[in-house]
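Student: This is model-v3.txt, which holds compact mmCIF, C-alpha atoms:
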```
# COMPACT_ATOMS: atom_id res chain seq x y z
CA MET A 1 9.03 -2.97 4.27
CA HIS A 2 6.72 -5.03 2.05
CA ASN A 3 3.07 -5.53 2.89
CA SER A 4 1.98 -8.85 1.40
CA SER A 5 -1.36 -10.60 1.22
CA TRP A 6 -2.46 -14.11 0.31
CA ARG A 7 -3.15 -12.85 -3.21
CA ASP A 8 0.60 -12.38 -3.76
CA TYR A 9 1.03 -16.14 -3.46
CA PHE A 10 -1.75 -17.08 -5.89
CA LYS A 11 -1.42 -14.84 -8.92
CA TRP A 12 -2.41 -16.44 -12.23
CA GLY A 13 1.20 -16.38 -13.38
CA THR A 14 2.24 -18.49 -10.42
CA SER A 15 -0.24 -21.29 -11.08
CA PRO A 16 2.50 -23.59 -12.50
CA PHE A 17 4.23 -23.32 -9.12
CA TRP A 18 1.23 -24.82 -7.35
CA VAL A 19 0.49 -27.30 -10.15
CA PHE A 20 4.02 -28.66 -9.79
CA HIS A 21 3.46 -29.03 -6.06
CA GLY A 22 0.27 -30.99 -6.67
CA LEU A 23 1.91 -33.26 -9.24
CA ALA A 24 4.91 -33.80 -6.97
CA LEU A 25 2.62 -34.86 -4.14
CA SER A 26 0.68 -37.21 -6.41
CA ALA A 27 3.91 -38.98 -7.37
CA LEU A 28 4.02 -40.54 -3.92
CA PHE A 29 0.70 -42.29 -4.51
CA LEU A 30 1.37 -43.61 -8.02
CA PRO A 31 3.55 -46.59 -9.09
CA PHE A 32 7.21 -45.66 -9.49
CA GLU A 33 10.64 -47.28 -9.58
CA ALA A 34 13.99 -46.48 -7.99
CA LYS A 35 15.22 -45.04 -11.29
CA HIS A 36 12.57 -42.32 -11.05
CA VAL A 37 13.74 -41.30 -7.59
CA TRP A 38 17.40 -41.29 -8.62
CA THR A 39 16.56 -39.18 -11.65
CA ALA A 40 14.86 -36.63 -9.37
CA VAL A 41 17.88 -36.58 -7.05
CA GLY A 42 20.35 -36.29 -9.92
CA LEU A 43 18.45 -33.46 -11.59
CA TYR A 44 18.13 -31.67 -8.24
CA PHE A 45 21.90 -31.49 -7.78
CA PHE A 46 22.67 -30.98 -11.48
CA ARG A 47 20.40 -27.95 -11.67
CA MET A 48 21.36 -26.70 -8.20
CA PHE A 49 24.94 -26.44 -9.43
CA PHE A 50 23.88 -24.25 -12.36
CA ILE A 51 21.79 -22.08 -10.05
CA THR A 52 24.66 -21.55 -7.62
CA GLY A 53 27.52 -21.57 -10.11
CA GLY A 54 25.56 -19.88 -12.90
CA TYR A 55 22.75 -17.61 -11.72
CA HIS A 56 24.61 -16.65 -8.59
CA ARG A 57 28.39 -16.78 -8.85
CA TYR A 58 28.59 -15.99 -12.56
CA PHE A 59 25.66 -13.83 -13.68
CA SER A 60 25.03 -12.05 -10.36
CA HIS A 61 28.59 -11.50 -9.18
CA LYS A 62 30.94 -12.29 -12.10
CA THR A 63 33.30 -14.24 -9.85
CA TYR A 64 34.86 -16.03 -12.82
CA SER A 65 35.01 -15.81 -16.60
CA THR A 66 33.92 -18.13 -19.39
CA SER A 67 33.27 -18.08 -23.13
CA ARG A 68 30.13 -16.73 -24.73
CA PHE A 69 29.28 -20.28 -25.82
CA TRP A 70 29.41 -21.72 -22.29
CA GLN A 71 27.77 -18.61 -20.90
CA PHE A 72 24.68 -19.46 -22.96
CA TRP A 73 24.58 -23.09 -21.82
CA ILE A 74 25.17 -22.18 -18.19
CA ALA A 75 22.11 -19.94 -18.44
CA PHE A 76 20.11 -22.61 -20.27
CA PHE A 77 20.80 -25.34 -17.72
CA ALA A 78 20.16 -22.97 -14.82
CA MET A 79 16.85 -21.93 -16.34
CA SER A 80 15.70 -25.55 -16.52
CA SER A 81 15.17 -25.06 -12.75
CA SER A 82 12.08 -22.93 -13.52
CA GLN A 83 13.35 -19.95 -11.53
CA LYS A 84 12.74 -17.46 -14.37
CA GLY A 85 15.43 -16.02 -16.59
CA ALA A 86 19.12 -15.64 -15.86
CA LEU A 87 18.97 -11.87 -16.35
CA TRP A 88 15.85 -11.60 -14.15
CA TRP A 89 17.42 -13.71 -11.40
CA ALA A 90 20.77 -11.92 -11.39
CA ALA A 91 19.30 -8.41 -11.58
CA HIS A 92 17.09 -9.04 -8.56
CA HIS A 93 19.98 -10.61 -6.66
CA ARG A 94 22.17 -7.58 -7.30
CA HIS A 95 19.37 -5.44 -5.91
CA HIS A 96 19.28 -7.67 -2.82
CA HIS A 97 22.98 -7.10 -2.17
CA ALA A 98 22.61 -3.36 -2.61
CA PHE A 99 19.85 -3.20 0.03
CA SER A 100 20.25 -6.40 2.07
CA ASP A 101 17.83 -6.39 5.04
CA GLN A 102 16.97 -2.75 4.44
CA PRO A 103 13.41 -1.61 3.63
CA GLN A 104 14.17 -1.77 -0.11
CA ASP A 105 15.28 -5.42 0.07
CA LEU A 106 12.89 -7.58 -1.96
CA HIS A 107 13.07 -10.63 0.29
CA SER A 108 14.30 -9.84 3.77
CA PRO A 109 13.08 -12.17 6.56
CA LYS A 110 12.21 -8.96 8.39
CA ASP A 111 9.14 -8.92 6.14
CA GLY A 112 8.17 -12.40 7.30
CA PHE A 113 9.49 -15.91 6.68
CA TRP A 114 7.11 -16.90 3.89
CA TRP A 115 7.56 -13.62 2.03
CA SER A 116 11.35 -14.00 2.06
CA HIS A 117 11.11 -17.70 1.25
CA MET A 118 8.76 -17.57 -1.73
CA GLY A 119 6.19 -14.76 -1.54
CA TRP A 120 8.38 -12.23 -3.32
CA PHE A 121 9.10 -14.78 -6.06
CA LEU A 122 5.42 -15.57 -6.60
CA SER A 123 4.20 -11.98 -6.45
CA ASP A 124 3.75 -10.17 -9.75
CA ARG A 125 5.35 -7.04 -8.27
CA TYR A 126 8.80 -8.10 -9.49
CA GLY A 127 8.02 -9.80 -12.78
CA LYS A 128 9.99 -7.32 -14.87
CA THR A 129 13.67 -7.87 -15.61
CA GLU A 130 15.54 -4.73 -14.55
CA LEU A 131 17.96 -4.63 -17.47
CA GLY A 132 19.71 -1.57 -16.07
CA LEU A 133 21.00 -3.71 -13.20
CA ILE A 134 22.32 -6.41 -15.51
CA ALA A 135 23.49 -4.38 -18.52
CA ASP A 136 26.81 -6.24 -18.70
CA PHE A 137 24.98 -9.45 -19.69
CA ALA A 138 21.86 -7.91 -21.25
CA LYS A 139 24.03 -6.81 -24.17
CA TYR A 140 23.94 -10.40 -25.45
CA PRO A 141 20.81 -10.96 -27.60
CA GLU A 142 20.76 -14.70 -26.96
CA LEU A 143 20.57 -14.10 -23.20
CA ARG A 144 17.78 -11.57 -23.65
CA TRP A 145 15.88 -14.11 -25.77
CA LEU A 146 16.33 -16.82 -23.13
CA ASP A 147 15.25 -14.44 -20.41
CA LYS A 148 11.99 -13.65 -22.22
CA ASN A 149 11.42 -17.31 -23.04
CA TRP A 150 12.53 -18.79 -19.72
CA TRP A 151 10.05 -21.66 -20.11
CA VAL A 152 11.93 -23.13 -23.09
CA PRO A 153 14.63 -24.90 -21.03
CA VAL A 154 11.95 -26.19 -18.62
CA ALA A 155 9.85 -27.55 -21.48
CA THR A 156 12.93 -29.05 -23.14
CA LEU A 157 13.74 -30.95 -19.97
CA GLY A 158 10.14 -32.15 -19.69
CA VAL A 159 10.09 -33.42 -23.30
CA ALA A 160 13.43 -35.20 -22.85
CA LEU A 161 12.19 -36.95 -19.71
CA LYS A 162 8.96 -37.97 -21.46
CA ILE A 163 10.94 -39.56 -24.30
CA ILE A 164 13.30 -41.33 -21.91
CA GLY A 165 10.85 -42.67 -19.35
CA GLY A 166 7.26 -41.59 -19.90
CA TRP A 167 5.01 -39.48 -17.70
CA THR A 168 6.21 -41.03 -14.46
CA MET A 169 9.73 -39.90 -15.28
CA VAL A 170 8.39 -36.42 -16.01
CA ASN A 171 6.57 -36.34 -12.70
CA TRP A 172 9.65 -37.30 -10.70
CA GLY A 173 12.43 -35.82 -12.81
CA LEU A 174 10.69 -32.50 -13.43
CA CYS A 175 7.94 -31.91 -10.87
CA VAL A 176 9.29 -33.57 -7.71
CA SER A 177 12.86 -32.46 -8.39
CA THR A 178 11.85 -28.88 -9.20
CA VAL A 179 9.72 -28.49 -6.07
CA PHE A 180 12.63 -29.55 -3.87
CA LEU A 181 14.93 -27.34 -5.93
CA TRP A 182 12.69 -24.31 -5.42
CA HIS A 183 12.55 -24.71 -1.66
CA GLY A 184 16.21 -25.63 -1.38
CA THR A 185 17.19 -22.44 -3.19
CA PHE A 186 14.67 -20.32 -1.29
CA THR A 187 16.17 -21.29 2.08
CA ILE A 188 19.10 -18.98 1.35
CA ASN A 189 16.77 -15.98 1.29
CA SER A 190 14.87 -17.06 4.38
CA LEU A 191 16.70 -19.42 6.76
CA SER A 192 20.28 -18.30 6.06
CA HIS A 193 19.42 -14.85 7.39
CA VAL A 194 18.09 -16.19 10.70
CA TRP A 195 19.87 -19.49 11.46
CA GLY A 196 23.62 -19.97 11.81
CA SER A 197 26.86 -18.28 12.81
CA ARG A 198 28.25 -14.85 11.95
CA PRO A 199 32.05 -14.83 11.63
CA PHE A 200 31.89 -11.46 9.89
CA LYS A 201 30.04 -8.43 11.25
CA THR A 202 28.25 -7.55 8.03
CA SER A 203 25.60 -4.82 7.89
CA ASP A 204 22.87 -7.42 7.20
CA THR A 205 21.72 -10.56 9.05
CA SER A 206 23.45 -13.12 6.80
CA ARG A 207 24.65 -16.29 8.54
CA ASN A 208 26.70 -19.39 7.83
CA ASN A 209 24.89 -22.71 8.07
CA PHE A 210 26.46 -26.13 7.44
CA TRP A 211 23.17 -27.90 6.66
CA LEU A 212 22.00 -25.27 4.20
CA ALA A 213 25.42 -25.45 2.54
CA LEU A 214 24.90 -29.18 1.94
CA ILE A 215 21.52 -28.86 0.24
CA THR A 216 22.62 -25.83 -1.84
CA LEU A 217 26.11 -27.04 -2.75
CA GLY A 218 27.87 -24.30 -0.79
CA GLU A 219 25.47 -21.36 -0.71
CA GLY A 220 24.85 -21.87 3.02
CA TRP A 221 28.13 -20.11 3.82
CA HIS A 222 26.08 -16.99 3.36
CA ASN A 223 27.79 -14.68 5.83
CA ASN A 224 31.10 -15.42 4.10
CA HIS A 225 29.46 -14.53 0.81
CA HIS A 226 27.98 -11.25 2.01
CA GLN A 227 31.37 -10.21 3.38
CA PHE A 228 33.12 -11.09 0.09
CA PRO A 229 30.42 -11.24 -2.61
CA ARG A 230 32.84 -11.08 -5.53
CA VAL A 231 34.83 -14.22 -4.74
CA THR A 232 34.09 -17.61 -6.30
CA ARG A 233 34.61 -19.59 -3.12
CA ASN A 234 32.00 -19.45 -0.35
CA GLY A 235 33.50 -22.07 1.95
CA PHE A 236 36.71 -20.63 3.37
CA HIS A 237 37.85 -23.66 5.45
CA TRP A 238 38.26 -27.36 4.66
CA TRP A 239 35.20 -28.17 6.75
CA GLN A 240 33.06 -25.58 4.96
CA ILE A 241 31.94 -27.84 2.14
CA ASP A 242 31.43 -25.89 -1.08
CA ILE A 243 30.69 -28.35 -3.88
CA THR A 244 29.92 -25.59 -6.39
CA TYR A 245 33.44 -24.24 -5.94
CA TYR A 246 34.97 -27.72 -6.32
CA VAL A 247 33.12 -28.24 -9.62
CA LEU A 248 34.15 -24.82 -10.89
CA LYS A 249 37.77 -25.62 -10.00
CA GLY A 250 37.45 -28.79 -12.06
CA MET A 251 36.00 -26.80 -14.95
CA GLU A 252 38.91 -24.38 -14.63
CA THR A 253 41.34 -27.29 -14.92
CA VAL A 254 39.92 -28.28 -18.32
CA GLY A 255 39.65 -24.68 -19.53
CA LEU A 256 35.87 -24.20 -19.49
CA VAL A 257 36.09 -21.33 -16.97
CA TRP A 258 38.95 -19.15 -15.77
CA ASP A 259 39.89 -16.19 -13.56
CA LEU A 260 38.26 -17.65 -10.43
CA LYS A 261 38.42 -15.04 -7.68
CA HIS A 262 39.62 -16.04 -4.21
CA PRO A 263 39.08 -14.53 -0.75
CA PRO A 264 41.98 -12.77 0.99
CA ALA A 265 44.20 -14.81 3.31
CA SER A 266 42.76 -12.99 6.34
CA ALA A 267 39.30 -14.38 5.55
CA MET A 268 40.63 -17.94 5.62
CA GLU A 269 41.77 -17.41 9.21
CA GLN A 270 38.45 -16.07 10.49
CA ARG A 271 36.43 -18.16 12.96
CA PRO A 272 32.73 -17.98 13.93
CA LEU A 273 32.23 -15.19 16.48
CA GLN A 274 28.48 -15.10 16.98
CA LYS A 275 25.85 -17.83 17.03
CA ALA A 276 22.24 -17.36 16.09
CA SER A 277 20.00 -16.74 19.05
```
Can you present the structure in this file as structure tokens?

Tutor:
Amino acid sequence: MHNSSWRDYFKWGTSPFWVFHGLALSALFLPFEAKHVWTAVGLYFFRMFFITGGYHRYFSHKTYSTSRFWQFWIAFFAMSSSQKGALWWAAHHRHHHAFSDQPQDLHSPKDGFWWSHMGWFLSDRYGKTELGLIADFAKYPELRWLDKNWWVPVATLGVALKIIGGWTMVNWGLCVSTVFLWHGTFTINSLSHVWGSRPFKTSDTSRNNFWLALITLGEGWHNNHHQFPRVTRNGFHWWQIDITYYVLKGMETVGLVWDLKHPPASAMEQRPLQKAS
């Protein structure tokens, strides 16, 4: 188990996290237009796709294949979310699956909601990229460079927004959007292990949740994922909306990705057996 203190949430290296929160809050009290709000919404979902389809389903679990060229850009767009490097993210996620809800797990809700939600991410305990856990992708020098310079995609997005629409566009398109993106992503570590149904009796506390699936483009079908972590599709039924999978299927159609992995037929017939208490 992890003993955390308030200092874990306010390390010097995490100051941009809190600065972004302050700037996002200030946006509500400054003049803005509808285009600023729509930019924030669009960049939330654009980057959420690259987190779920890139960081998670590609780099963490290799549930499909792509070219080295698109591999780089998938990492670049995902890293514009300001959730550190692709290698860092995927290595820590692989560790999570190896020890899910066990004492070694980095972000189990058993250590407290706020620790699982964001404390582990803000703490400097896990700042190092464990290259041994991600050796299959760490062999690419361009990915190692991006991982060390994870701020470059974030800064690139900020500069582009400044050129397009000035500082107000930066505030909404980068700060507001990123704050919502952080907390939307973090719900999968926190809420999806305590709130929802459990169609599969996994060894952890992972659960399926329709609402979390909507805001994370399909990651809310978390119990499905923990049962079959190496498949591309998280939503196994027509009513289990999985937008990330739909986009990847579209990309497969035009040849950008291939070898999508699918769950067994038996999984598609499974129904929720246990509700969260």

Student: Fewer than 2 positions away in the same chain doesn't count, so skip those; otherwise give me all residues within 8 Å of A:Asn189, counting only C-alpha atoms, as a ChimeraX atom specification.

Tutor: /A:107-109,116-117,185-187,191-193

Student: Go ahead and save the residues from that selection, with C-alpha atoms, as a short mmCIF file (atom, residue, chain, number, x, y, z; two decimals), in the coordinates of the input.

Tutor:
```cif
data_model
loop_
_atom_site.label_atom_id
_atom_site.label_comp_id
_atom_site.auth_asym_id
_atom_site.auth_seq_id
_atom_site.Cartn_x
_atom_site.Cartn_y
_atom_site.Cartn_z
CA HIS A 107 13.07 -10.63 0.29
CA SER A 108 14.30 -9.84 3.77
CA PRO A 109 13.08 -12.17 6.56
CA SER A 116 11.35 -14.00 2.06
CA HIS A 117 11.11 -17.70 1.25
CA THR A 185 17.19 -22.44 -3.19
CA PHE A 186 14.67 -20.32 -1.29
CA THR A 187 16.17 -21.29 2.08
CA LEU A 191 16.70 -19.42 6.76
CA SER A 192 20.28 -18.30 6.06
CA HIS A 193 19.42 -14.85 7.39
#
```

Student: Write out as a list in words which residues come within 8 Å of A:His61 when counting all atoms listed in the file, dropping same-chain ones fewer than 6 positions away.

Tutor: Arg94, Pro229 and Arg230 of chain A

Student: Using all atoms listed in the file, what residues lie at most 12 Å away from (36.7, -17.5, 0.0) (file coordinates), given as a PyMOL selection string?

Tutor: chain A and resi 63+218-219+221-238+240-242+245+260-270

Student: Restricting the calculation to all atoms listed in the file, which member of A:Phe121, A:Asn171, A:Tyr126, A:Thr253 is positioned closest to A:Ser26?

Tutor: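 Checking each of A:Phe121, A:Asn171, A:Tyr126, A:Thr253 against A:Ser26, counting all atoms listed in the file, the winner is A:Asn171.
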
Student: Measuring between only C-alpha atoms, which one of A:Phe180, A:Phe29, A:Trp18, A:Tyr58 shows the shortest distance to A:Trp70?

Tutor: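 For A:Trp70, the nearest of the candidates is A:Tyr58.
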
Student: Some atoms are missing, so please complete stretch 140-168 of chain A with N, CA and C atoms and return it as a tab-separated table (two decimals), keeping the file's coordinate frame.

Tutor:
```
chain	number	residue	atom	x	y	z
A	140	TYR	N	23.92	-9.21	-24.61
A	140	TYR	CA	23.94	-10.40	-25.45
A	140	TYR	C	22.51	-10.76	-25.87
A	141	PRO	N	22.19	-10.70	-27.16
A	141	PRO	CA	20.81	-10.96	-27.60
A	141	PRO	C	20.30	-12.35	-27.26
A	142	GLU	N	21.21	-13.34	-27.28
A	142	GLU	CA	20.76	-14.70	-26.96
A	142	GLU	C	20.34	-14.84	-25.51
A	143	LEU	N	20.97	-14.07	-24.60
A	143	LEU	CA	20.57	-14.10	-23.20
A	143	LEU	C	19.25	-13.37	-22.99
A	144	ARG	N	19.05	-12.28	-23.73
A	144	ARG	CA	17.78	-11.57	-23.65
A	144	ARG	C	16.64	-12.46	-24.15
A	145	TRP	N	16.90	-13.20	-25.23
A	145	TRP	CA	15.88	-14.11	-25.77
A	145	TRP	C	15.54	-15.19	-24.74
A	146	LEU	N	16.57	-15.79	-24.15
A	146	LEU	CA	16.33	-16.82	-23.13
A	146	LEU	C	15.55	-16.25	-21.96
A	147	ASP	N	15.90	-15.04	-21.56
A	147	ASP	CA	15.25	-14.44	-20.41
A	147	ASP	C	13.75	-14.25	-20.66
A	148	LYS	N	13.40	-13.84	-21.87
A	148	LYS	CA	11.99	-13.65	-22.22
A	148	LYS	C	11.26	-14.98	-22.38
A	149	ASN	N	11.99	-16.00	-22.79
A	149	ASN	CA	11.42	-17.31	-23.04
A	149	ASN	C	11.98	-18.33	-22.05
A	150	TRP	N	11.92	-17.97	-20.77
A	150	TRP	CA	12.53	-18.79	-19.72
A	150	TRP	C	11.93	-20.19	-19.62
A	151	TRP	N	10.72	-20.36	-20.16
A	151	TRP	CA	10.05	-21.66	-20.11
A	151	TRP	C	10.63	-22.68	-21.08
A	152	VAL	N	11.40	-22.23	-22.07
A	152	VAL	CA	11.93	-23.13	-23.09
A	152	VAL	C	12.84	-24.21	-22.49
A	153	PRO	N	13.82	-23.85	-21.64
A	153	PRO	CA	14.63	-24.90	-21.03
A	153	PRO	C	13.82	-25.87	-20.16
A	154	VAL	N	12.80	-25.34	-19.46
A	154	VAL	CA	11.95	-26.19	-18.62
A	154	VAL	C	11.19	-27.18	-19.50
A	155	ALA	N	10.60	-26.68	-20.57
A	155	ALA	CA	9.85	-27.55	-21.48
A	155	ALA	C	10.76	-28.56	-22.16
A	156	THR	N	11.97	-28.14	-22.50
A	156	THR	CA	12.93	-29.05	-23.14
A	156	THR	C	13.26	-30.21	-22.21
A	157	LEU	N	13.47	-29.90	-20.94
A	157	LEU	CA	13.74	-30.95	-19.97
A	157	LEU	C	12.54	-31.89	-19.85
A	158	GLY	N	11.34	-31.33	-19.80
A	158	GLY	CA	10.14	-32.15	-19.69
A	158	GLY	C	9.98	-33.09	-20.88
A	159	VAL	N	10.20	-32.59	-22.10
A	159	VAL	CA	10.09	-33.42	-23.30
A	159	VAL	C	11.14	-34.52	-23.28
A	160	ALA	N	12.36	-34.19	-22.90
A	160	ALA	CA	13.43	-35.20	-22.85
A	160	ALA	C	13.09	-36.31	-21.86
A	161	LEU	N	12.56	-35.94	-20.71
A	161	LEU	CA	12.19	-36.95	-19.71
A	161	LEU	C	11.04	-37.82	-20.19
A	162	LYS	N	10.08	-37.21	-20.92
A	162	LYS	CA	8.96	-37.97	-21.46
A	162	LYS	C	9.46	-39.01	-22.45
A	163	ILE	N	10.39	-38.63	-23.31
A	163	ILE	CA	10.94	-39.56	-24.30
A	163	ILE	C	11.71	-40.68	-23.62
A	164	ILE	N	12.46	-40.34	-22.59
A	164	ILE	CA	13.30	-41.33	-21.91
A	164	ILE	C	12.48	-42.31	-21.08
A	165	GLY	N	11.50	-41.79	-20.32
A	165	GLY	CA	10.85	-42.67	-19.35
A	165	GLY	C	9.37	-42.48	-19.15
A	166	GLY	N	8.70	-41.75	-20.03
A	166	GLY	CA	7.26	-41.59	-19.90
A	166	GLY	C	6.86	-40.56	-18.86
A	167	TRP	N	5.54	-40.50	-18.59
A	167	TRP	CA	5.01	-39.48	-17.70
A	167	TRP	C	5.47	-39.63	-16.26
A	168	THR	N	5.72	-40.85	-15.82
A	168	THR	CA	6.21	-41.03	-14.46
A	168	THR	C	7.58	-40.40	-14.29
```
